[in-house]
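Visitor: Contents of work.cif (mmCIF, C-alpha atoms):
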```cif
data_protein
loop_
_atom_site.label_atom_id
_atom_site.label_comp_id
_atom_site.auth_asym_id
_atom_site.auth_seq_id
_atom_site.Cartn_x
_atom_site.Cartn_y
_atom_site.Cartn_z
CA MET R 1 44.80 101.34 21.21
CA ILE R 2 41.60 99.44 22.06
CA ARG R 3 39.29 100.91 24.69
CA ASP R 4 35.65 101.11 25.69
CA TYR R 5 33.41 103.68 24.04
CA ARG R 6 32.99 106.73 26.25
CA PRO R 7 31.03 110.00 26.32
CA GLY R 8 32.81 112.45 24.09
CA ASP R 9 33.29 109.96 21.24
CA GLU R 10 30.06 111.06 19.55
CA GLU R 11 31.62 113.44 17.05
CA ALA R 12 34.43 111.09 16.01
CA VAL R 13 32.08 108.11 15.74
CA GLY R 14 29.55 110.20 13.83
CA ALA R 15 32.23 111.00 11.26
CA LEU R 16 33.14 107.32 11.08
CA PHE R 17 29.49 106.39 10.43
CA ALA R 18 29.05 109.13 7.83
CA ALA R 19 32.00 107.84 5.79
CA TYR R 20 31.38 104.10 6.26
CA PRO R 21 31.12 102.50 2.78
CA TYR R 22 29.54 99.14 3.71
CA GLY R 23 26.32 100.11 5.49
CA ASP R 24 23.38 97.68 5.33
CA LEU R 25 21.07 100.29 3.80
CA ARG R 26 23.37 101.75 1.16
CA ARG R 27 21.41 100.17 -1.73
CA TYR R 28 17.99 100.96 -0.25
CA ARG R 29 17.03 103.69 -2.70
CA LEU R 30 14.73 105.41 -0.20
CA VAL R 31 17.54 105.84 2.34
CA ASN R 32 20.09 108.59 1.68
CA ARG R 33 23.58 108.86 3.18
CA GLU R 34 22.39 110.96 6.10
CA LYS R 35 19.73 108.40 7.01
CA GLN R 36 22.24 105.55 6.65
CA ALA R 37 24.44 107.22 9.27
CA ALA R 38 21.37 107.80 11.46
CA TYR R 39 20.60 104.07 11.29
CA LEU R 40 24.12 103.24 12.54
CA ARG R 41 23.75 105.74 15.38
CA HIS R 42 20.44 104.11 16.31
CA LYS R 43 22.09 100.68 16.46
CA LEU R 44 24.91 102.08 18.57
CA SER R 45 22.43 103.60 21.03
CA SER R 46 20.70 100.24 21.38
CA CYS R 47 24.00 98.42 21.96
CA LEU R 48 25.06 100.89 24.63
CA LYS R 49 21.91 100.01 26.59
CA ASP R 50 22.32 96.24 26.74
CA GLY R 51 25.82 95.44 25.50
CA ARG R 52 29.39 96.69 25.34
CA VAL R 53 31.05 98.90 22.73
CA LEU R 54 34.77 98.92 21.96
CA VAL R 55 36.69 101.34 19.76
CA ALA R 56 40.10 101.19 18.09
CA GLU R 57 41.95 104.48 18.31
CA ALA R 58 45.09 105.50 16.43
CA GLY R 59 46.74 108.91 16.38
CA GLY R 60 43.91 110.30 18.47
CA ALA R 61 41.29 109.27 15.87
CA VAL R 62 38.65 106.55 16.18
CA ARG R 63 39.42 104.14 13.34
CA ALA R 64 36.99 101.31 14.12
CA LEU R 65 34.09 100.40 16.42
CA ALA R 66 32.57 97.06 17.43
CA ALA R 67 29.59 96.38 19.67
CA PHE R 68 28.63 93.19 21.49
CA ARG R 69 25.33 92.12 23.01
CA PRO R 70 24.10 88.83 24.54
CA LEU R 71 21.54 86.56 22.87
CA PRO R 72 19.39 85.23 25.74
CA TRP R 73 16.84 83.50 23.51
CA ASP R 74 19.45 81.61 21.47
CA SER R 75 21.30 80.80 24.69
CA SER R 76 18.17 79.21 26.14
CA ILE R 77 17.86 76.89 23.14
CA PHE R 78 21.47 75.70 23.09
CA GLY R 79 22.18 75.84 26.82
CA ILE R 80 25.33 77.94 26.43
CA SER R 81 26.04 81.67 26.63
CA MET R 82 25.75 83.10 23.11
CA GLY R 83 26.23 86.60 21.74
CA GLN R 84 26.46 88.69 18.61
CA ALA R 85 28.30 91.74 17.34
CA PRO R 86 25.58 93.76 15.57
CA LEU R 87 28.04 96.55 14.74
CA PHE R 88 31.57 96.33 13.34
CA VAL R 89 32.30 99.57 11.53
CA HIS R 90 35.68 100.84 10.42
CA ASP R 91 37.46 103.54 8.49
CA ALA R 92 38.05 102.61 4.85
CA GLY R 93 41.33 104.49 4.63
CA GLU R 94 44.82 103.12 4.14
CA GLY R 95 46.50 101.36 7.05
CA VAL R 96 43.36 100.63 9.06
CA ARG R 97 43.69 96.83 8.75
CA ALA R 98 45.89 96.68 11.88
CA GLU R 99 43.19 98.38 13.96
CA ILE R 100 40.48 96.10 12.53
CA GLY R 101 42.49 93.03 13.48
CA GLN R 102 43.22 94.33 16.96
CA LEU R 103 39.56 95.16 17.50
CA ALA R 104 38.42 91.73 16.30
CA GLY R 105 40.81 90.10 18.76
CA ALA R 106 39.76 92.40 21.59
CA LEU R 107 36.08 91.67 20.88
CA ARG R 108 36.74 87.93 21.01
CA ASP R 109 38.77 88.20 24.23
CA ALA R 110 36.24 90.46 25.96
CA CYS R 111 33.41 88.06 25.16
CA ARG R 112 35.43 85.06 26.36
CA ALA R 113 36.28 86.88 29.60
CA GLY R 114 32.56 87.57 30.06
CA GLY R 115 31.70 83.89 29.79
CA VAL R 116 30.39 83.94 26.23
CA VAL R 117 30.89 80.57 24.53
CA HIS R 118 29.58 81.30 21.04
CA LEU R 119 29.85 84.63 19.20
CA ASN R 120 28.62 85.65 15.73
CA VAL R 121 29.34 88.68 13.59
CA ARG R 122 28.30 89.52 10.03
CA ALA R 123 30.57 91.16 7.46
CA ASP R 124 29.47 92.76 4.22
CA ALA R 125 30.59 90.78 1.19
CA ASP R 126 32.47 93.85 -0.08
CA ASP R 127 34.39 94.24 3.17
CA LEU R 128 37.42 92.03 2.51
CA ALA R 129 39.52 93.65 5.22
CA LEU R 130 37.03 92.79 7.96
CA MET R 131 36.51 89.23 6.70
CA GLN R 132 40.24 88.53 6.59
CA CYS R 133 40.78 90.02 10.04
CA LEU R 134 37.96 87.93 11.52
CA GLU R 135 39.44 84.77 10.04
CA GLY R 136 42.84 85.77 11.40
CA ASN R 137 41.33 85.91 14.89
CA GLY R 138 39.71 82.49 14.92
CA PHE R 139 36.31 83.29 13.40
CA TYR R 140 35.02 80.81 10.81
CA LEU R 141 32.48 81.20 8.00
CA ALA R 142 29.01 79.81 8.79
CA ASP R 143 26.77 81.11 5.99
CA THR R 144 26.03 83.95 3.59
CA ILE R 145 22.75 85.88 3.59
CA VAL R 146 21.53 87.76 0.51
CA THR R 147 18.89 90.48 0.68
CA TYR R 148 16.51 91.65 -2.06
CA ILE R 149 14.12 94.59 -1.87
CA PHE R 150 10.73 95.51 -3.34
CA ILE R 151 9.57 99.14 -3.52
CA PRO R 152 5.81 99.28 -4.26
CA ARG R 153 5.84 102.76 -5.79
CA ARG R 154 8.66 101.93 -8.20
CA GLN R 155 8.27 98.24 -9.04
CA GLN R 156 5.37 96.36 -10.60
CA LEU R 157 3.43 93.80 -8.62
CA GLY R 158 3.37 90.31 -10.12
CA HIS R 159 0.17 88.63 -11.20
CA GLY R 160 1.03 84.95 -11.32
CA LYS R 161 -1.50 82.11 -11.36
CA TYR R 162 -0.94 79.46 -8.71
CA LEU R 163 -2.38 76.16 -7.54
CA PHE R 164 -2.40 77.43 -3.96
CA LYS R 165 -4.82 79.60 -2.03
CA THR R 166 -3.13 82.29 0.06
CA ARG R 167 -4.70 84.10 3.00
CA LEU R 168 -3.92 85.62 6.37
CA TYR R 169 -3.12 83.27 9.24
CA GLU R 170 -5.93 82.27 11.59
CA PRO R 171 -5.56 80.73 15.08
CA ARG R 172 -6.90 77.41 13.77
CA ASP R 173 -3.75 77.17 11.60
CA HIS R 174 -1.43 77.06 14.61
CA ASP R 175 -0.54 73.36 14.69
CA ALA R 176 -0.45 73.08 10.90
CA VAL R 177 2.07 75.92 10.62
CA LEU R 178 4.26 74.34 13.31
CA ALA R 179 4.18 71.09 11.34
CA VAL R 180 5.20 72.94 8.18
CA ALA R 181 8.10 74.59 10.03
CA ALA R 182 9.27 71.24 11.41
CA ALA R 183 9.26 69.71 7.92
CA ALA R 184 10.80 72.73 6.18
CA TYR R 185 13.72 73.13 8.57
CA ARG R 186 14.60 69.51 9.24
CA ASN R 187 18.21 69.10 8.04
CA PHE R 188 18.16 72.70 6.87
CA ILE R 189 21.63 74.13 6.27
CA GLY R 190 21.61 77.53 7.94
CA ARG R 191 24.40 79.04 9.99
CA TYR R 192 23.55 77.08 13.11
CA HIS R 193 23.25 73.74 11.31
CA ALA R 194 26.55 74.46 9.55
CA ASP R 195 28.37 75.04 12.84
CA PRO R 196 30.19 71.85 13.93
CA HIS R 197 30.02 72.90 17.59
CA LEU R 198 26.20 72.90 17.76
CA PRO R 199 24.07 69.70 17.97
CA ARG R 200 21.83 69.34 14.92
CA GLU R 201 18.79 68.33 16.99
CA LEU R 202 19.04 71.63 18.89
CA CYS R 203 19.35 73.51 15.59
CA ASP R 204 16.09 71.88 14.46
CA ARG R 205 14.52 72.82 17.78
CA LEU R 206 15.55 76.46 17.34
CA TYR R 207 13.55 76.82 14.13
CA GLN R 208 10.54 75.10 15.68
CA ALA R 209 10.75 77.45 18.68
CA TRP R 210 11.15 80.39 16.30
CA ALA R 211 7.97 79.37 14.47
CA ARG R 212 6.12 79.01 17.76
CA GLN R 213 7.24 82.47 18.86
CA LEU R 214 6.15 83.82 15.48
CA LEU R 215 2.64 82.45 15.99
CA ASP R 216 2.45 83.64 19.58
CA GLY R 217 2.89 87.24 18.53
CA GLY R 218 6.49 87.73 19.51
CA ILE R 219 8.26 88.48 16.22
CA ALA R 220 5.69 88.97 13.46
CA GLU R 221 2.91 91.44 12.78
CA THR R 222 1.61 89.63 9.69
CA ILE R 223 1.52 85.91 8.83
CA ILE R 224 0.38 84.55 5.48
CA VAL R 225 -0.35 80.90 4.82
CA ALA R 226 -0.78 78.90 1.62
CA GLU R 227 -3.06 75.92 1.43
CA ARG R 228 -3.94 73.28 -1.10
CA LYS R 229 -7.10 71.20 -0.89
CA GLY R 230 -7.67 72.63 2.59
CA THR R 231 -4.23 71.71 3.95
CA VAL R 232 -1.69 74.35 4.99
CA VAL R 233 1.51 73.73 3.02
CA GLY R 234 3.44 76.99 3.54
CA PHE R 235 3.68 80.17 5.61
CA LEU R 236 5.54 83.46 5.89
CA GLY R 237 5.65 85.78 8.90
CA TYR R 238 7.12 89.29 8.85
CA ARG R 239 7.08 92.60 10.69
CA LEU R 240 7.71 96.31 10.38
CA LYS R 241 11.40 96.96 11.01
CA ARG R 242 11.01 99.53 13.74
CA ASP R 243 14.71 100.26 14.01
CA ILE R 244 14.75 101.43 10.37
CA LEU R 245 11.55 103.41 10.89
CA GLU R 246 12.83 105.12 14.03
CA ALA R 247 16.19 105.99 12.48
CA THR R 248 15.15 106.93 8.93
CA GLY R 249 11.36 107.40 8.80
CA VAL R 250 11.15 104.68 6.11
CA ARG R 251 8.50 102.00 6.67
CA CYS R 252 10.36 98.82 5.73
CA VAL R 253 8.92 95.38 6.39
CA GLY R 254 10.84 92.11 6.53
CA GLY R 255 12.43 89.65 8.92
CA GLY R 256 10.54 86.76 10.39
CA LEU R 257 10.40 83.21 9.09
CA GLY R 258 8.79 81.20 6.30
CA GLY R 259 8.78 77.76 4.73
CA CYS R 260 6.88 75.14 2.77
CA THR R 261 6.44 71.37 2.88
CA PRO R 262 7.48 69.24 -0.11
CA GLU R 263 3.78 69.14 -1.05
CA GLY R 264 3.85 72.91 -1.16
CA PHE R 265 6.55 73.17 -3.79
CA GLY R 266 5.77 76.35 -5.71
CA ALA R 267 3.65 77.85 -2.94
CA TYR R 268 6.32 80.24 -1.73
CA THR R 269 6.04 82.43 -4.83
CA ALA R 270 2.31 82.77 -4.23
CA ILE R 271 2.92 83.61 -0.56
CA ILE R 272 5.43 86.34 -1.38
CA GLU R 273 3.12 87.87 -3.99
CA GLU R 274 0.38 87.93 -1.36
CA ALA R 275 2.80 89.66 1.03
CA MET R 276 3.56 92.24 -1.67
CA ARG R 277 -0.15 92.92 -2.16
CA GLU R 278 -0.82 93.00 1.57
CA GLY R 279 1.89 95.59 2.17
CA MET R 280 1.36 97.64 -0.97
CA HIS R 281 -0.24 100.61 0.80
CA ARG R 282 1.08 100.07 4.33
CA TYR R 283 4.83 100.10 3.74
CA ASP R 284 7.38 102.08 1.73
CA MET R 285 9.42 99.00 0.93
CA GLN R 286 9.90 95.33 1.75
CA ASP R 287 13.10 93.35 2.10
CA PHE R 288 13.48 89.59 1.81
CA GLU R 289 16.46 87.48 2.90
CA THR R 290 17.68 83.96 2.29
CA GLN R 291 20.87 81.92 2.24
CA LEU R 292 23.04 82.43 -0.82
CA ASN R 293 22.87 78.72 -1.64
CA ASN R 294 19.05 78.64 -1.43
CA VAL R 295 18.83 78.84 -5.21
CA ASN R 296 15.08 78.19 -5.45
CA ILE R 297 14.26 81.19 -3.26
CA VAL R 298 16.77 83.46 -5.00
CA ARG R 299 15.14 82.56 -8.32
CA ILE R 300 11.74 83.50 -6.89
CA TYR R 301 13.08 86.91 -5.90
CA GLN R 302 14.52 87.37 -9.38
CA LYS R 303 11.29 86.21 -11.03
CA LEU R 304 9.38 88.84 -9.08
CA ASN R 305 11.88 91.52 -10.19
CA PHE R 306 13.18 92.27 -6.71
CA GLU R 307 16.33 94.39 -6.51
CA TYR R 308 19.51 92.93 -5.08
CA ALA R 309 20.50 94.92 -1.99
CA ARG R 310 23.38 93.18 -0.20
CA ALA R 311 25.17 89.99 0.78
CA LYS R 312 26.61 89.42 4.25
CA HIS R 313 28.85 86.61 5.45
CA THR R 314 28.15 85.24 8.94
CA PHE R 315 31.20 84.34 11.00
CA HIS R 316 31.13 82.36 14.24
CA ALA R 317 33.73 82.07 16.98
CA TRP R 318 33.76 79.22 19.50
CA LEU R 319 35.10 80.60 22.78
CA GLY R 320 34.48 77.66 25.10
#
```
The structure in this file should be written as structure tokens.

Guide:
Amino acid sequence: MIRDYRPGDEEAVGALFAAYPYGDLRRYRLVNREKQAAYLRHKLSSCLKDGRVLVAEAGGAVRALAAFRPLPWDSSIFGISMGQAPLFVHDAGEGVRAEIGQLAGALRDACRAGGVVHLNVRADADDLALMQCLEGNGFYLADTIVTYIFIPRRQQLGHGKYLFKTRLYEPRDHDAVLAVAAAAYRNFIGRYHADPHLPRELCDRLYQAWARQLLDGGIAETIIVAERKGTVVGFLGYRLKRDILEATGVRCVGGGLGGCTPEGFGAYTAIIEEAMREGMHRYDMQDFETQLNNVNIVRIYQKLNFEYARAKHTFHAWLG
């Protein structure tokens, strides 16, 4: 049976979270099992405030949970109603696949009934049951994101020599960073560019708007730029992940956006090393993400001895 989450489900859902084997933080060595479950509860609380939460129940037990929330910023770029499912958690026991499939279909139908045209959900690369059930309900693969982590107290900081000067962003860099973002993300193959339903020019515009929001203080606390011969050729913006801090007490930094121009080839390694130095005493750990097929960036993470943490497949559904 599929129904809305209701008061009184806390204990059953708490047990589901405690046993969930595919949590985002399960390879973050500073986050134990109890804190991993706390992180899921924190996400659920957020979704209950501005979204909708559905559960799949069988035999009186909650077997799976999925949460939906709208994406107003993305919607404003593409001119359609867009949303995401930031939580899709399920029991790993035998026979749960039927409930996962029913919940995926109910999530899709509820979003369509609410006027959502485009929906995305991410599935851990180990979670074959969820991936297969999403595909069986009309979701299609858009990209794969891999995450690597750096823990200052346990991993050595690199000391490479580079042709680029790195420093903190200054307001005079504003237009130069926007130009770098425009060049770096033109014809970029991310999940939006890979979606046949979305115009490529609007996908380009999204990354430019993202960079502008980054510079205007909306989504980054720290921005680092790289320059060569006085010209900005690369940047990286990131922030403290407050949801992880609030749920676990661990100060993890990541997210944001970065890129380099063709003239800045090689600058990204220098930028990331500067980010590692900058956060050495302010954060407990840092995480860095990129597309699985972005081989150059993955090699940088490996060169700097980052630890692999997870891979997640992004699925889209077109509900128009």

Visitor: Go ahead and compute the interatomic distance for atom CA of Tyr28 of chain R and atom CA of Ala125 of chain R, in Å to one decimal.

Guide: 16.3 Å

Visitor: Kindly indicate which residue among R:Val180, R:Leu103, R:Gly83, R:Ala194 lies nearest to Tyr140 of chain R, using only C-alpha atoms for the distances.

Guide: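 Residue with the minimum atom-to-atom distance to Tyr140 of chain R: R:Ala194.
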
Visitor: Translate the PyMOL selection byres ((chain R and resi 112) around 12), as applied to the file shown, into an explicit residue set as a ChimeraX atom specification.

Guide: /R:68,81-83,105-111,113-119,317-320

Visitor: May I have the selected residues written with C-alpha atoms, as a JSON list (two decimals), in the coordinates of the input?

Guide:
```
[["chain", "number", "residue", "atom", "x", "y", "z"],
["R", 68, "PHE", "CA", 28.63, 93.19, 21.49],
["R", 81, "SER", "CA", 26.04, 81.67, 26.63],
["R", 82, "MET", "CA", 25.75, 83.10, 23.11],
["R", 83, "GLY", "CA", 26.23, 86.60, 21.74],
["R", 105, "GLY", "CA", 40.81, 90.10, 18.76],
["R", 106, "ALA", "CA", 39.76, 92.40, 21.59],
["R", 107, "LEU", "CA", 36.08, 91.67, 20.88],
["R", 108, "ARG", "CA", 36.74, 87.93, 21.01],
["R", 109, "ASP", "CA", 38.77, 88.20, 24.23],
["R", 110, "ALA", "CA", 36.24, 90.46, 25.96],
["R", 111, "CYS", "CA", 33.41, 88.06, 25.16],
["R", 113, "ALA", "CA", 36.28, 86.88, 29.60],
["R", 114, "GLY", "CA", 32.56, 87.57, 30.06],
["R", 115, "GLY", "CA", 31.70, 83.89, 29.79],
["R", 116, "VAL", "CA", 30.39, 83.94, 26.23],
["R", 117, "VAL", "CA", 30.89, 80.57, 24.53],
["R", 118, "HIS", "CA", 29.58, 81.30, 21.04],
["R", 119, "LEU", "CA", 29.85, 84.63, 19.20],
["R", 317, "ALA", "CA", 33.73, 82.07, 16.98],
["R", 318, "TRP", "CA", 33.76, 79.22, 19.50],
["R", 319, "LEU", "CA", 35.10, 80.60, 22.78],
["R", 320, "GLY", "CA", 34.48, 77.66, 25.10]]
```

Visitor: Atom CA of Ile244 of chain R and atom CA of Ala184 of chain R are how many Å apart?

Guide: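 Going from atom CA of Ile244 of chain R over to atom CA of Ala184 of chain R, I get 29.3 Å.
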
Visitor: Please list as a tab-separated table (two decimals) with C-alpha atoms, in the frame of the given file every residue within 10 Å of Glu289 of chain R, counting all atoms listed in the file and excluding residues in the same chain fewer than 2 positions away.

Guide:
```
chain	number	residue	atom	x	y	z
R	145	ILE	CA	22.75	85.88	3.59
R	146	VAL	CA	21.53	87.76	0.51
R	147	THR	CA	18.89	90.48	0.68
R	148	TYR	CA	16.51	91.65	-2.06
R	149	ILE	CA	14.12	94.59	-1.87
R	254	GLY	CA	10.84	92.11	6.53
R	255	GLY	CA	12.43	89.65	8.92
R	256	GLY	CA	10.54	86.76	10.39
R	257	LEU	CA	10.40	83.21	9.09
R	287	ASP	CA	13.10	93.35	2.10
R	291	GLN	CA	20.87	81.92	2.24
R	292	LEU	CA	23.04	82.43	-0.82
R	297	ILE	CA	14.26	81.19	-3.26
R	298	VAL	CA	16.77	83.46	-5.00
R	301	TYR	CA	13.08	86.91	-5.90
R	309	ALA	CA	20.50	94.92	-1.99
R	310	ARG	CA	23.38	93.18	-0.20
R	311	ALA	CA	25.17	89.99	0.78
```

Visitor: Name the closest residue to Cys252 of chain R among the candidates R:Val121, R:Ile300, R:Met1, R:Met285; distances are taken between atoms, counting all atoms listed in the file.

Guide: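 Of R:Val121, R:Ile300, R:Met1, R:Met285, the one nearest Cys252 of chain R, counting all atoms listed in the file, is R:Met285.
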
Visitor: Which is closest to Leu163 of chain R among R:Gly190, R:Gly266, R:Gly60, R:Gly14, if we use all atoms listed in the file?

Guide: R:Gly266

Visitor: Pick the closest to Glu273 of chain R from R:Gly51, R:Pro152, R:Gly59, R:Gly93: which is it, counting only C-alpha atoms?

Guide: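 For Glu273 of chain R, the nearest of the candidates is R:Pro152.
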
Visitor: Given the PyMOL selection byres ((chain R and resi 73) around 12) and the file above, list the residues it selects as a list in words.

Guide: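 Applying the expression gives Pro70, Leu71, Pro72, Asp74, Ser75, Ser76, Ile77, Phe78, Gly79, Ile80, Ser81, Met82, Gly83, Gln84, Leu206, Tyr207, Ala209, Trp210, Gln213 and Gly218 of chain R.
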
Visitor: What is the atom CA of Val177 of chain R-atom CA of Phe235 of chain R distance in Å, reported with one decimal?

Guide: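 Calculated distance between atom CA of Val177 of chain R and atom CA of Phe235 of chain R is 6.8 Å.
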
Visitor: Out of R:Gly217, R:Gln102, R:Val96, R:Ala37, which residue has the shortest atom-to-atom distance to Ala129 of chain R when counting all atoms listed in the file?

Guide: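 Of R:Gly217, R:Gln102, R:Val96, R:Ala37, the one nearest Ala129 of chain R, counting all atoms listed in the file, is R:Val96.
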
Visitor: Please evaluate the PyMOL selection byres ((chain R and resi 123) around 10) against the displayed coordinates and give the resulting residues as a list in words.

Guide: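 Applying the expression gives Tyr22, Asp24, Pro86, Leu87, Phe88, Val89, Val121, Arg122, Asp124, Ala125, Asp126, Asp127, Leu128, Ala129, Leu130, Met131, Leu134, Thr144, Ala311, Lys312, His313, Thr314 and Phe315 of chain R.
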
Visitor: Given 6 Å of margin on each side, can you work out the centre and size in Å (one decimal) of an axis-aligned box holding every listed atom of segment 307-315 of chain R, as AutoDock Vina command-line options?

Guide:
```
--center_x 23.8 --center_y 89.6 --center_z 2.2 --size_x 26.9 --size_y 22.6 --size_z 29.5
```

Visitor: Quick one: residues within 9 Å of Arg41 of chain R, only C-alpha atoms counted, chain neighbours fewer than 4 positions away excluded, as a list in words?

Guide: Val13, Gly14, Phe17, Gln36, Ala37, Ser45, Ser46 and Ala247 of chain R

Visitor: Which residues are close to Ala64 of chain R, i.e. within 6 Å by all atoms listed in the file, leaving aside same-chain residues fewer than 3 positions away? Reply as a list of chain:residue names.

Guide: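 Answer for this query is R:Val55, R:Ala56, R:Val89, R:His90.
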
Visitor: With distances taken over only C-alpha atoms, which of R:Asp9, R:Glu99, R:Glu57, R:Asp91 is nearest to Pro21 of chain R?

Guide: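 The answer is R:Asp91, which sits nearest to Pro21 of chain R.
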
Visitor: Pick out the residues sitting within 12 Å of Ile271 of chain R, and hand them over as an MDAnalysis selection string; count all atoms listed in the file, and ignore anything fewer than 4 positions along from it in its own chain.

Guide: chainID R and resid 158 160:169 222:227 232:238 258:260 264:267 275:278 297 300:301 304

Visitor: Using all atoms listed in the file and a cutoff of 9 Å, can you tell me which residues are near (18.0, 100.2, 12.6) in the file's coordinates, and write them out as a PyMOL selection string?

Guide: chain R and resi 38-43+241-248

Visitor: The residues within 7 Å of (14.8, 70.2, 11.9), using only C-alpha atoms and the coordinates of the file, should be reported as a ChimeraX atom specification; which are they?

Guide: /R:182-183,185-188,201,203-205
